[in-house]
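K.L.:
Hey, dropping coords19.pdb in here, PDB, C-alpha atoms:
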ATOM      1  CA  MET A   1     -10.199   3.090  38.160  1.00  0.00           C
ATOM      2  CA  ARG A   2      -8.792   0.251  36.146  1.00  0.00           C
ATOM      3  CA  VAL A   3      -8.729  -0.404  32.406  1.00  0.00           C
ATOM      4  CA  THR A   4      -7.576  -3.273  30.237  1.00  0.00           C
ATOM      5  CA  VAL A   5      -5.099  -2.261  27.541  1.00  0.00           C
ATOM      6  CA  ARG A   6      -4.867  -4.311  24.345  1.00  0.00           C
ATOM      7  CA  LEU A   7      -1.799  -4.011  22.120  1.00  0.00           C
ATOM      8  CA  PHE A   8      -1.320  -5.581  18.713  1.00  0.00           C
ATOM      9  CA  ALA A   9       1.420  -6.550  16.268  1.00  0.00           C
ATOM     10  CA  ARG A  10       4.666  -4.649  16.933  1.00  0.00           C
ATOM     11  CA  LEU A  11       3.144  -2.745  19.860  1.00  0.00           C
ATOM     12  CA  ARG A  12       2.607  -6.110  21.536  1.00  0.00           C
ATOM     13  CA  ASP A  13       6.217  -7.085  20.859  1.00  0.00           C
ATOM     14  CA  ILE A  14       7.488  -3.814  22.354  1.00  0.00           C
ATOM     15  CA  SER A  15       5.448  -4.143  25.542  1.00  0.00           C
ATOM     16  CA  GLY A  16       5.951  -7.896  25.796  1.00  0.00           C
ATOM     17  CA  SER A  17       2.215  -8.502  26.267  1.00  0.00           C
ATOM     18  CA  GLY A  18      -0.979  -8.166  24.268  1.00  0.00           C
ATOM     19  CA  GLU A  19      -3.077  -7.440  27.334  1.00  0.00           C
ATOM     20  CA  LEU A  20      -2.204  -5.268  30.316  1.00  0.00           C
ATOM     21  CA  SER A  21      -4.234  -4.067  33.272  1.00  0.00           C
ATOM     22  CA  ARG A  22      -3.519  -0.518  34.439  1.00  0.00           C
ATOM     23  CA  ASP A  23      -4.850   1.911  37.030  1.00  0.00           C
ATOM     24  CA  VAL A  24      -5.610   5.315  35.488  1.00  0.00           C
ATOM     25  CA  GLU A  25      -6.835   8.635  36.894  1.00  0.00           C
ATOM     26  CA  GLU A  26     -10.560   9.319  37.129  1.00  0.00           C
ATOM     27  CA  ASN A  27     -10.747  11.734  34.169  1.00  0.00           C
ATOM     28  CA  ALA A  28      -8.445   9.702  31.929  1.00  0.00           C
ATOM     29  CA  THR A  29      -8.707   9.840  28.150  1.00  0.00           C
ATOM     30  CA  ILE A  30      -7.383   7.398  25.575  1.00  0.00           C
ATOM     31  CA  ARG A  31      -4.470   9.805  25.057  1.00  0.00           C
ATOM     32  CA  SER A  32      -3.540   9.852  28.727  1.00  0.00           C
ATOM     33  CA  VAL A  33      -3.585   6.041  28.799  1.00  0.00           C
ATOM     34  CA  TRP A  34      -1.294   6.070  25.744  1.00  0.00           C
ATOM     35  CA  ARG A  35       1.124   8.578  27.339  1.00  0.00           C
ATOM     36  CA  ARG A  36       1.374   6.439  30.403  1.00  0.00           C
ATOM     37  CA  LEU A  37       2.251   3.445  28.236  1.00  0.00           C
ATOM     38  CA  VAL A  38       4.910   5.460  26.405  1.00  0.00           C
ATOM     39  CA  ASP A  39       6.445   6.367  29.794  1.00  0.00           C
ATOM     40  CA  GLU A  40       6.523   2.697  30.609  1.00  0.00           C
ATOM     41  CA  PHE A  41       7.700   1.520  27.156  1.00  0.00           C
ATOM     42  CA  PRO A  42       9.608   4.413  25.505  1.00  0.00           C
ATOM     43  CA  GLU A  43       9.942   2.532  22.186  1.00  0.00           C
ATOM     44  CA  LEU A  44       6.200   3.069  21.671  1.00  0.00           C
ATOM     45  CA  ALA A  45       6.874   6.787  21.127  1.00  0.00           C
ATOM     46  CA  GLU A  46       7.671   6.217  17.451  1.00  0.00           C
ATOM     47  CA  TYR A  47       3.970   5.367  16.953  1.00  0.00           C
ATOM     48  CA  GLU A  48       2.739   8.671  18.393  1.00  0.00           C
ATOM     49  CA  ARG A  49       1.441   9.865  15.009  1.00  0.00           C
ATOM     50  CA  SER A  50       0.400   6.575  13.464  1.00  0.00           C
ATOM     51  CA  ILE A  51      -1.590   4.682  16.087  1.00  0.00           C
ATOM     52  CA  SER A  52      -5.322   4.209  15.952  1.00  0.00           C
ATOM     53  CA  SER A  53      -7.325   3.526  19.072  1.00  0.00           C
ATOM     54  CA  ALA A  54     -10.498   1.769  20.113  1.00  0.00           C
ATOM     55  CA  VAL A  55     -12.590   1.502  23.254  1.00  0.00           C
ATOM     56  CA  ASN A  56     -14.550  -1.684  23.861  1.00  0.00           C
ATOM     57  CA  ALA A  57     -13.825  -2.849  20.311  1.00  0.00           C
ATOM     58  CA  ASP A  58     -15.088   0.312  18.605  1.00  0.00           C
ATOM     59  CA  TYR A  59     -12.834   2.855  16.911  1.00  0.00           C
ATOM     60  CA  ALA A  60     -12.499   5.982  19.054  1.00  0.00           C
ATOM     61  CA  ARG A  61     -10.670   9.312  18.998  1.00  0.00           C
ATOM     62  CA  MET A  62      -7.709   9.884  21.320  1.00  0.00           C
ATOM     63  CA  ASP A  63      -9.536  12.590  23.311  1.00  0.00           C
ATOM     64  CA  GLN A  64     -12.404  10.259  24.236  1.00  0.00           C
ATOM     65  CA  ALA A  65     -12.869   9.630  27.965  1.00  0.00           C
ATOM     66  CA  VAL A  66     -12.349   6.128  29.307  1.00  0.00           C
ATOM     67  CA  HIS A  67     -14.256   4.519  32.146  1.00  0.00           C
ATOM     68  CA  ASP A  68     -13.638   1.899  34.764  1.00  0.00           C
ATOM     69  CA  GLY A  69     -13.509  -1.555  33.213  1.00  0.00           C
ATOM     70  CA  ASP A  70     -13.070  -0.318  29.632  1.00  0.00           C
ATOM     71  CA  GLU A  71     -10.930  -2.209  27.137  1.00  0.00           C
ATOM     72  CA  VAL A  72      -8.647   0.344  25.460  1.00  0.00           C
ATOM     73  CA  ALA A  73      -6.863  -0.884  22.318  1.00  0.00           C
ATOM     74  CA  PHE A  74      -3.943   0.649  20.447  1.00  0.00           C
ATOM     75  CA  LEU A  75      -3.425  -0.327  16.833  1.00  0.00           C
ATOM     76  CA  PRO A  76      -0.339   0.249  14.693  1.00  0.00           C
ATOM     77  CA  PRO A  77      -0.862   0.838  10.941  1.00  0.00           C
ATOM     78  CA  VAL A  78      -2.823  -2.105   9.543  1.00  0.00           C
ATOM     79  CA  SER A  79      -1.784  -4.594   6.858  1.00  0.00           C
ATOM     80  CA  GLY A  80      -4.670  -6.961   6.230  1.00  0.00           C
ATOM     81  CA  GLY A  81      -5.545  -8.413   2.860  1.00  0.00           C
TER      82      GLY A  81
ATOM     83  CA  MET B  82     -27.340 -23.109   7.344  1.00  0.00           C
ATOM     84  CA  GLY B  83     -24.744 -21.451   5.138  1.00  0.00           C
ATOM     85  CA  VAL B  84     -21.641 -19.504   6.038  1.00  0.00           C
ATOM     86  CA  PRO B  85     -21.913 -15.994   7.494  1.00  0.00           C
ATOM     87  CA  LEU B  86     -21.371 -13.106   5.087  1.00  0.00           C
ATOM     88  CA  LEU B  87     -18.643 -11.603   7.272  1.00  0.00           C
ATOM     89  CA  ALA B  88     -16.087 -13.673   9.160  1.00  0.00           C
ATOM     90  CA  ILE B  89     -12.554 -13.740  10.527  1.00  0.00           C
ATOM     91  CA  GLY B  90     -10.797 -16.819  11.868  1.00  0.00           C
ATOM     92  CA  PRO B  91      -8.160 -19.503  11.399  1.00  0.00           C
ATOM     93  CA  ASP B  92     -10.078 -21.770   8.994  1.00  0.00           C
ATOM     94  CA  VAL B  93      -8.905 -22.429   5.428  1.00  0.00           C
ATOM     95  CA  LEU B  94     -10.800 -20.171   3.022  1.00  0.00           C
ATOM     96  CA  VAL B  95     -12.800 -21.438   0.066  1.00  0.00           C
ATOM     97  CA  VAL B  96     -14.723 -19.328  -2.427  1.00  0.00           C
ATOM     98  CA  GLU B  97     -17.814 -21.357  -3.229  1.00  0.00           C
ATOM     99  CA  PRO B  98     -19.620 -20.975   0.140  1.00  0.00           C
ATOM    100  CA  LEU B  99     -19.272 -17.191  -0.142  1.00  0.00           C
ATOM    101  CA  VAL B 100     -20.742 -17.239  -3.653  1.00  0.00           C
ATOM    102  CA  LYS B 101     -23.703 -19.217  -2.324  1.00  0.00           C
ATOM    103  CA  ALA B 102     -24.060 -16.872   0.640  1.00  0.00           C
ATOM    104  CA  VAL B 103     -24.170 -13.671  -1.401  1.00  0.00           C
ATOM    105  CA  THR B 104     -26.707 -15.051  -3.879  1.00  0.00           C
ATOM    106  CA  ALA B 105     -28.997 -16.726  -1.342  1.00  0.00           C
ATOM    107  CA  GLY B 106     -30.207 -14.043   0.996  1.00  0.00           C
ATOM    108  CA  ARG B 107     -32.465 -11.632  -0.873  1.00  0.00           C
ATOM    109  CA  GLY B 108     -35.942 -10.745   0.246  1.00  0.00           C
ATOM    110  CA  SER B 109     -37.311 -11.557  -3.179  1.00  0.00           C
ATOM    111  CA  GLY B 110     -35.591 -14.963  -3.106  1.00  0.00           C
ATOM    112  CA  PRO B 111     -32.736 -16.311  -5.231  1.00  0.00           C
ATOM    113  CA  GLY B 112     -32.396 -15.765  -8.974  1.00  0.00           C
ATOM    114  CA  GLY B 113     -32.169 -11.985  -9.163  1.00  0.00           C
ATOM    115  CA  ASP B 114     -28.401 -11.804  -9.521  1.00  0.00           C
ATOM    116  CA  GLY B 115     -26.716 -11.568 -12.877  1.00  0.00           C
ATOM    117  CA  ALA B 116     -23.143 -11.446 -11.579  1.00  0.00           C
ATOM    118  CA  VAL B 117     -20.868 -12.404  -8.724  1.00  0.00           C
ATOM    119  CA  ALA B 118     -17.393 -10.875  -8.628  1.00  0.00           C
ATOM    120  CA  THR B 119     -14.861 -12.557  -6.357  1.00  0.00           C
ATOM    121  CA  PHE B 120     -11.429 -11.575  -5.116  1.00  0.00           C
ATOM    122  CA  LEU B 121      -8.851 -13.786  -3.410  1.00  0.00           C
ATOM    123  CA  GLY B 122      -5.755 -12.443  -1.696  1.00  0.00           C
ATOM    124  CA  LEU B 123      -2.868 -14.949  -1.738  1.00  0.00           C
ATOM    125  CA  VAL B 124       0.374 -15.238   0.198  1.00  0.00           C
ATOM    126  CA  ARG B 125       3.103 -14.224  -2.276  1.00  0.00           C
ATOM    127  CA  ASN B 126       6.625 -15.683  -2.175  1.00  0.00           C
ATOM    128  CA  HIS B 127       8.383 -12.339  -2.539  1.00  0.00           C
ATOM    129  CA  ASN B 128       7.986  -8.833  -1.127  1.00  0.00           C
ATOM    130  CA  LYS B 129      10.247  -5.801  -1.599  1.00  0.00           C
ATOM    131  CA  GLY B 130      13.172  -7.933  -2.714  1.00  0.00           C
ATOM    132  CA  ARG B 131      12.778 -10.413   0.140  1.00  0.00           C
ATOM    133  CA  SER B 132      12.134 -14.136  -0.275  1.00  0.00           C
ATOM    134  CA  VAL B 133       9.045 -14.734   1.851  1.00  0.00           C
ATOM    135  CA  ARG B 134       8.835 -18.059   3.717  1.00  0.00           C
ATOM    136  CA  TYR B 135       5.386 -17.620   5.247  1.00  0.00           C
ATOM    137  CA  LEU B 136       3.117 -15.029   6.908  1.00  0.00           C
ATOM    138  CA  GLU B 137       1.434 -14.845  10.283  1.00  0.00           C
ATOM    139  CA  TYR B 138      -1.764 -12.802  10.475  1.00  0.00           C
ATOM    140  CA  GLU B 139      -3.247 -11.464  13.670  1.00  0.00           C
ATOM    141  CA  ALA B 140      -6.398  -9.430  14.186  1.00  0.00           C
ATOM    142  CA  TYR B 141      -8.428  -7.657  16.812  1.00  0.00           C
ATOM    143  CA  ASP B 142     -11.348  -9.954  16.062  1.00  0.00           C
ATOM    144  CA  PRO B 143     -14.390  -8.059  17.393  1.00  0.00           C
ATOM    145  CA  LEU B 144     -13.251  -4.786  15.836  1.00  0.00           C
ATOM    146  CA  ALA B 145     -12.410  -6.554  12.566  1.00  0.00           C
ATOM    147  CA  ARG B 146     -15.990  -7.842  12.399  1.00  0.00           C
ATOM    148  CA  ARG B 147     -17.275  -4.333  13.018  1.00  0.00           C
ATOM    149  CA  ALA B 148     -14.967  -2.981  10.309  1.00  0.00           C
ATOM    150  CA  PHE B 149     -16.354  -5.569   7.883  1.00  0.00           C
ATOM    151  CA  GLU B 150     -19.900  -4.556   8.865  1.00  0.00           C
ATOM    152  CA  ARG B 151     -19.018  -0.948   8.191  1.00  0.00           C
ATOM    153  CA  ILE B 152     -17.569  -1.836   4.781  1.00  0.00           C
ATOM    154  CA  ALA B 153     -20.699  -3.843   3.924  1.00  0.00           C
ATOM    155  CA  ALA B 154     -22.864  -0.855   4.922  1.00  0.00           C
ATOM    156  CA  GLU B 155     -20.752   1.483   2.777  1.00  0.00           C
ATOM    157  CA  VAL B 156     -21.148  -0.890  -0.167  1.00  0.00           C
ATOM    158  CA  ALA B 157     -24.920  -1.096   0.359  1.00  0.00           C
ATOM    159  CA  ALA B 158     -25.129   2.713   0.386  1.00  0.00           C
ATOM    160  CA  ARG B 159     -22.941   3.208  -2.695  1.00  0.00           C
ATOM    161  CA  TRP B 160     -24.166   0.243  -4.760  1.00  0.00           C
ATOM    162  CA  PRO B 161     -27.754  -0.529  -3.701  1.00  0.00           C
ATOM    163  CA  GLY B 162     -28.661  -4.117  -4.502  1.00  0.00           C
ATOM    164  CA  VAL B 163     -25.150  -5.491  -4.036  1.00  0.00           C
ATOM    165  CA  VAL B 164     -24.677  -8.205  -1.395  1.00  0.00           C
ATOM    166  CA  LEU B 165     -21.147  -8.473  -0.023  1.00  0.00           C
ATOM    167  CA  ALA B 166     -19.232 -11.222   1.770  1.00  0.00           C
ATOM    168  CA  VAL B 167     -15.780 -10.849   3.350  1.00  0.00           C
ATOM    169  CA  HIS B 168     -13.840 -13.667   5.020  1.00  0.00           C
ATOM    170  CA  HIS B 169     -10.323 -13.084   6.336  1.00  0.00           C
ATOM    171  CA  ARG B 170      -7.987 -15.696   7.734  1.00  0.00           C
ATOM    172  CA  VAL B 171      -5.610 -15.366  10.697  1.00  0.00           C
ATOM    173  CA  GLY B 172      -2.716 -17.486  11.940  1.00  0.00           C
ATOM    174  CA  ARG B 173       0.183 -18.948   9.976  1.00  0.00           C
ATOM    175  CA  LEU B 174      -0.339 -19.008   6.190  1.00  0.00           C
ATOM    176  CA  GLU B 175       1.980 -20.708   3.737  1.00  0.00           C
ATOM    177  CA  ILE B 176       2.960 -19.411   0.288  1.00  0.00           C
ATOM    178  CA  GLY B 177       0.028 -19.661  -2.118  1.00  0.00           C
ATOM    179  CA  GLU B 178      -2.626 -19.915   0.583  1.00  0.00           C
ATOM    180  CA  THR B 179      -5.644 -17.607   0.583  1.00  0.00           C
ATOM    181  CA  SER B 180      -5.634 -14.851   3.205  1.00  0.00           C
ATOM    182  CA  VAL B 181      -8.867 -13.123   2.214  1.00  0.00           C
ATOM    183  CA  VAL B 182     -11.914 -13.851   0.050  1.00  0.00           C
ATOM    184  CA  ILE B 183     -14.440 -11.261  -1.059  1.00  0.00           C
ATOM    185  CA  ALA B 184     -17.609 -11.905  -3.052  1.00  0.00           C
ATOM    186  CA  ALA B 185     -20.071  -9.312  -4.347  1.00  0.00           C
ATOM    187  CA  ALA B 186     -23.378 -10.261  -5.977  1.00  0.00           C
ATOM    188  CA  SER B 187     -25.392  -7.875  -8.096  1.00  0.00           C
ATOM    189  CA  PRO B 188     -28.055  -7.871 -10.795  1.00  0.00           C
ATOM    190  CA  HIS B 189     -25.390  -6.420 -13.137  1.00  0.00           C
ATOM    191  CA  ARG B 190     -21.631  -6.979 -13.436  1.00  0.00           C
ATOM    192  CA  ALA B 191     -20.425  -3.374 -13.203  1.00  0.00           C
ATOM    193  CA  ALA B 192     -21.609  -2.947  -9.634  1.00  0.00           C
ATOM    194  CA  ALA B 193     -20.329  -6.412  -8.643  1.00  0.00           C
ATOM    195  CA  PHE B 194     -16.797  -5.654  -9.892  1.00  0.00           C
ATOM    196  CA  ALA B 195     -16.744  -2.177  -8.356  1.00  0.00           C
ATOM    197  CA  ALA B 196     -18.057  -3.275  -4.961  1.00  0.00           C
ATOM    198  CA  CYS B 197     -15.583  -6.159  -4.812  1.00  0.00           C
ATOM    199  CA  ARG B 198     -12.615  -3.868  -5.553  1.00  0.00           C
ATOM    200  CA  TYR B 199     -13.899  -1.236  -3.143  1.00  0.00           C
ATOM    201  CA  ALA B 200     -14.225  -3.809  -0.367  1.00  0.00           C
ATOM    202  CA  ILE B 201     -10.620  -5.055  -0.600  1.00  0.00           C
ATOM    203  CA  GLU B 202      -9.318  -1.470  -0.675  1.00  0.00           C
ATOM    204  CA  ARG B 203     -11.327  -0.684   2.463  1.00  0.00           C
ATOM    205  CA  VAL B 204     -10.186  -3.899   4.200  1.00  0.00           C
ATOM    206  CA  LYS B 205      -6.609  -2.752   3.642  1.00  0.00           C
ATOM    207  CA  GLN B 206      -7.451   0.720   4.959  1.00  0.00           C
ATOM    208  CA  ILE B 207      -9.506   0.080   8.089  1.00  0.00           C
ATOM    209  CA  ALA B 208      -9.583  -3.606   9.148  1.00  0.00           C
ATOM    210  CA  PRO B 209      -7.511  -4.137  12.332  1.00  0.00           C
ATOM    211  CA  ILE B 210      -5.460  -6.984  10.867  1.00  0.00           C
ATOM    212  CA  TRP B 211      -1.661  -7.278  10.675  1.00  0.00           C
ATOM    213  CA  LYS B 212       0.721  -9.540   8.812  1.00  0.00           C
ATOM    214  CA  ARG B 213       4.119 -10.560  10.099  1.00  0.00           C
ATOM    215  CA  GLU B 214       6.429 -11.543   7.284  1.00  0.00           C
ATOM    216  CA  PHE B 215       8.930 -14.330   7.857  1.00  0.00           C
ATOM    217  CA  PHE B 216      11.522 -14.110   5.089  1.00  0.00           C
ATOM    218  CA  GLU B 217      14.947 -15.597   4.355  1.00  0.00           C
ATOM    219  CA  GLY B 218      17.134 -13.971   6.981  1.00  0.00           C
ATOM    220  CA  GLY B 219      14.591 -12.407   9.302  1.00  0.00           C
ATOM    221  CA  GLU B 220      11.076 -11.312  10.093  1.00  0.00           C
ATOM    222  CA  THR B 221       9.187  -8.025  10.154  1.00  0.00           C
ATOM    223  CA  TRP B 222       5.734  -6.674  10.891  1.00  0.00           C
ATOM    224  CA  ILE B 223       4.164  -5.106   7.808  1.00  0.00           C
ATOM    225  CA  GLU B 224       2.623  -1.721   8.558  1.00  0.00           C
ATOM    226  CA  GLY B 225       0.421  -0.132   5.912  1.00  0.00           C
ATOM    227  CA  ALA B 226      -2.417   2.319   6.372  1.00  0.00           C
ATOM    228  CA  VAL B 227      -3.159   4.310   9.521  1.00  0.00           C
ATOM    229  CA  ALA B 228      -6.627   2.965  10.287  1.00  0.00           C
ATOM    230  CA  ASP B 229      -9.209   5.744  10.424  1.00  0.00           C
ATOM    231  CA  PRO B 230     -12.704   4.758   9.308  1.00  0.00           C
ATOM    232  CA  ASP B 231     -13.829   8.394   9.408  1.00  0.00           C
ATOM    233  CA  ASP B 232     -11.129   9.521   6.951  1.00  0.00           C
ATOM    234  CA  GLU B 233     -13.411  10.454   4.058  1.00  0.00           C
ATOM    235  CA  GLY B 234     -10.427  11.129   1.796  1.00  0.00           C
ATOM    236  CA  ALA B 235      -9.264   7.524   2.113  1.00  0.00           C
ATOM    237  CA  ARG B 236     -12.796   6.241   1.534  1.00  0.00           C
ATOM    238  CA  LEU B 237     -13.161   8.349  -1.608  1.00  0.00           C
ATOM    239  CA  GLU B 238      -9.809   7.071  -2.859  1.00  0.00           C
ATOM    240  CA  ALA B 239     -11.086   3.496  -2.463  1.00  0.00           C
ATOM    241  CA  GLU B 240     -14.215   4.471  -4.392  1.00  0.00           C
ATOM    242  CA  ARG B 241     -12.146   6.157  -7.112  1.00  0.00           C
ATOM    243  CA  VAL B 242      -9.976   3.058  -7.570  1.00  0.00           C
ATOM    244  CA  ALA B 243     -13.058   0.816  -7.581  1.00  0.00           C
ATOM    245  CA  CYS B 244     -14.734   2.826 -10.327  1.00  0.00           C
ATOM    246  CA  ALA B 245     -11.641   3.468 -12.487  1.00  0.00           C
TER     247      ALA B 245
END
Please, can you express the file's structure as structure tokens?
P.N.:
Amino acid sequence: MRVTVRLFARLRDISGSGELSRDVEENATIRSVWRRLVDEFPELAEYERSISSAVNADYARMDQAVHDGDEVAFLPPVSGG
Amino acid sequence: MGVPLLAIGPDVLVVEPLVKAVTAGRGSGPGGDGAVATFLGLVRNHNKGRSVRYLEYEAYDPLARRAFERIAAEVAARWPGVVLAVHHRVGRLEIGETSVVIAAASPHRAAAFAACRYAIERVKQIAPIWKREFFEGGETWIEGAVADPDDEGARLEAERVACA
């Protein structure tokens, strides 16, 4: 199955794109999508403990399952205001 | 048709439409409010010893709107009767420009002040918005809070600050 990955702020700079399309295994979780990205872009590893994640524009835990067509977003620490 | 209570986008922010919005929409009609507290966040020309030239804000728009909705629901639960508005700007902002406006209307001033302070603390904790600082000699992404809306400790800290 295929998911859309959204990356923001410095994560976007590291990957070179704010939106990626990736094939993932059938029982993938947000965490497994993240690990795959870290394999692809090792600099992301420094965010292992500080990222937040969302599925289809709703905050979600890293162990949540993802489904075909989902938009999975990874968010570095925020700085609005 | 007035402005929405919650919004994120590139438009220049002004306070008065938010004040109208928070005082207009009650079931019993206008006139019941005794106070509106407002907060504006501005782009400052210095940060951690650096001379700031300008900021660029980016957001995950649909999740930012949901975060604002969550904050408004938290305010309604904690301070019944308060109506909240939050507008945040994205894109390039020059020194002195307004990055965020918050307005809280209430029958009495104590709840208006507290809800307004609470809302900006929560925006900084859980809204998926980032600022990139362009300063003399370089640029850097600013990274603050790890966003976790279910972190009750962070929420209570925002409430503690708001009620101090």
K.L.:
Using only C-alpha atoms, select each residue of chain B with any atom at most 8 Å away from an atom of chain A, and give the selection as a ChimeraX atom specification.
P.N.:
/B:122,138-141,143-144,147,169,180-181,201,204-213,222-230
K.L.:
How many Å lie between CA of Ile176 in chain B and CA of Phe216 in chain B, rounded to one decimal?
P.N.:
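The value is 11.2 Å.
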K.L.:
For His189 in chain B, find every residue with an atom within 7 Å (counting all atoms listed in the file), except residues of its own chain fewer than 4 positions away, and show them as a list in words.
P.N.:
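These residues fall inside the cut-off: Gly115, Ala116 and Ala193 of chain B.
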K.L.:
Those residues you just picked out, can you put them in a file as a PDB file, keeping the file's coordinate frame with C-alpha atoms?
P.N.:
ATOM      1  CA  GLY B 115     -26.716 -11.568 -12.877  1.00  0.00           C
ATOM      2  CA  ALA B 116     -23.143 -11.446 -11.579  1.00  0.00           C
ATOM      3  CA  ALA B 193     -20.329  -6.412  -8.643  1.00  0.00           C
TER       4      ALA B 193
END
K.L.:
Might you pull out every residue within 7 Å of Gly69 in chain A, with all atoms listed in the file counted and same-chain residues fewer than 6 positions away left off, and present them as an MDAnalysis selection string?
P.N.:
chainID A and resid 2:4
K.L.:
Quick one: of B:Asn128, B:Thr104, B:Thr179, B:Thr119, who's nearest to Glu214 in chain B, counting all atoms listed in the file?
P.N.:
B:Asn128
K.L.:
For Glu217 in chain B, find every residue with an atom within 10 Å (counting all atoms listed in the file), except residues of its own chain fewer than 2 positions away, and show them as a PDB file with C-alpha atoms, keeping the file's coordinate frame.
P.N.:
ATOM      1  CA  ARG B 131      12.778 -10.413   0.140  1.00  0.00           C
ATOM      2  CA  SER B 132      12.134 -14.136  -0.275  1.00  0.00           C
ATOM      3  CA  VAL B 133       9.045 -14.734   1.851  1.00  0.00           C
ATOM      4  CA  ARG B 134       8.835 -18.059   3.717  1.00  0.00           C
ATOM      5  CA  TYR B 135       5.386 -17.620   5.247  1.00  0.00           C
ATOM      6  CA  GLU B 214       6.429 -11.543   7.284  1.00  0.00           C
ATOM      7  CA  PHE B 215       8.930 -14.330   7.857  1.00  0.00           C
ATOM      8  CA  GLY B 219      14.591 -12.407   9.302  1.00  0.00           C
ATOM      9  CA  GLU B 220      11.076 -11.312  10.093  1.00  0.00           C
TER      10      GLU B 220
END
K.L.:
Could you give me, as a list in words, the residues within 10 Å of Leu94 in chain B, counting only C-alpha atoms and dropping anything in the same chain fewer than 2 positions from it?
P.N.:
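These residues fall inside the cut-off: Gly90, Pro91, Asp92, Val96, Glu97, Pro98, Leu99, Leu121, His168, His169, Arg170, Glu178, Thr179, Ser180, Val181 and Val182 of chain B.
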K.L.:
Using the chain letters and residue numbers of this document, give as a list in words the residues selected by the PyMOL selection byres ((chain B and resi 236) around 10).
P.N.:
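Listing what the PyMOL selection byres ((chain B and resi 236) around 10) selects in the shown file: Ile152, Glu155, Tyr199, Glu202, Arg203, Gln206, Ile207, Asp229, Pro230, Asp231, Asp232, Glu233, Gly234, Ala235, Leu237, Glu238, Ala239, Glu240 and Arg241 of chain B.
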K.L.:
Show me, as a PyMOL selection string, the residues that have an atom within 10 Å of Ala191 in chain B when counting only C-alpha atoms, minus same-chain residues fewer than 5 positions from it.
P.N.:
chain B and resi 116+118+160+196+244
K.L.:
Can you translate the PyMOL selection byres ((chain A and resi 31) around 10) into the concrete residues it hits in this file, as a list in words?
P.N.:
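Evaluating the PyMOL selection byres ((chain A and resi 31) around 10) on this file yields Ala28, Thr29, Ile30, Ser32, Val33, Trp34, Arg35, Arg36, Leu37, Glu48, Ser53, Arg61, Met62, Asp63, Gln64, Ala65 and Val66 of chain A.
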K.L.:
Using CA of Val242 in chain B and CA of Ala105 in chain B as the two end points, give the distance in Å to one decimal.
P.N.:
28.1 Å
K.L.:
Rounded to one decimal place, report the CA of Ala157 in chain B-CA of Leu87 in chain B distance in Å.
P.N.:
14.1 Å
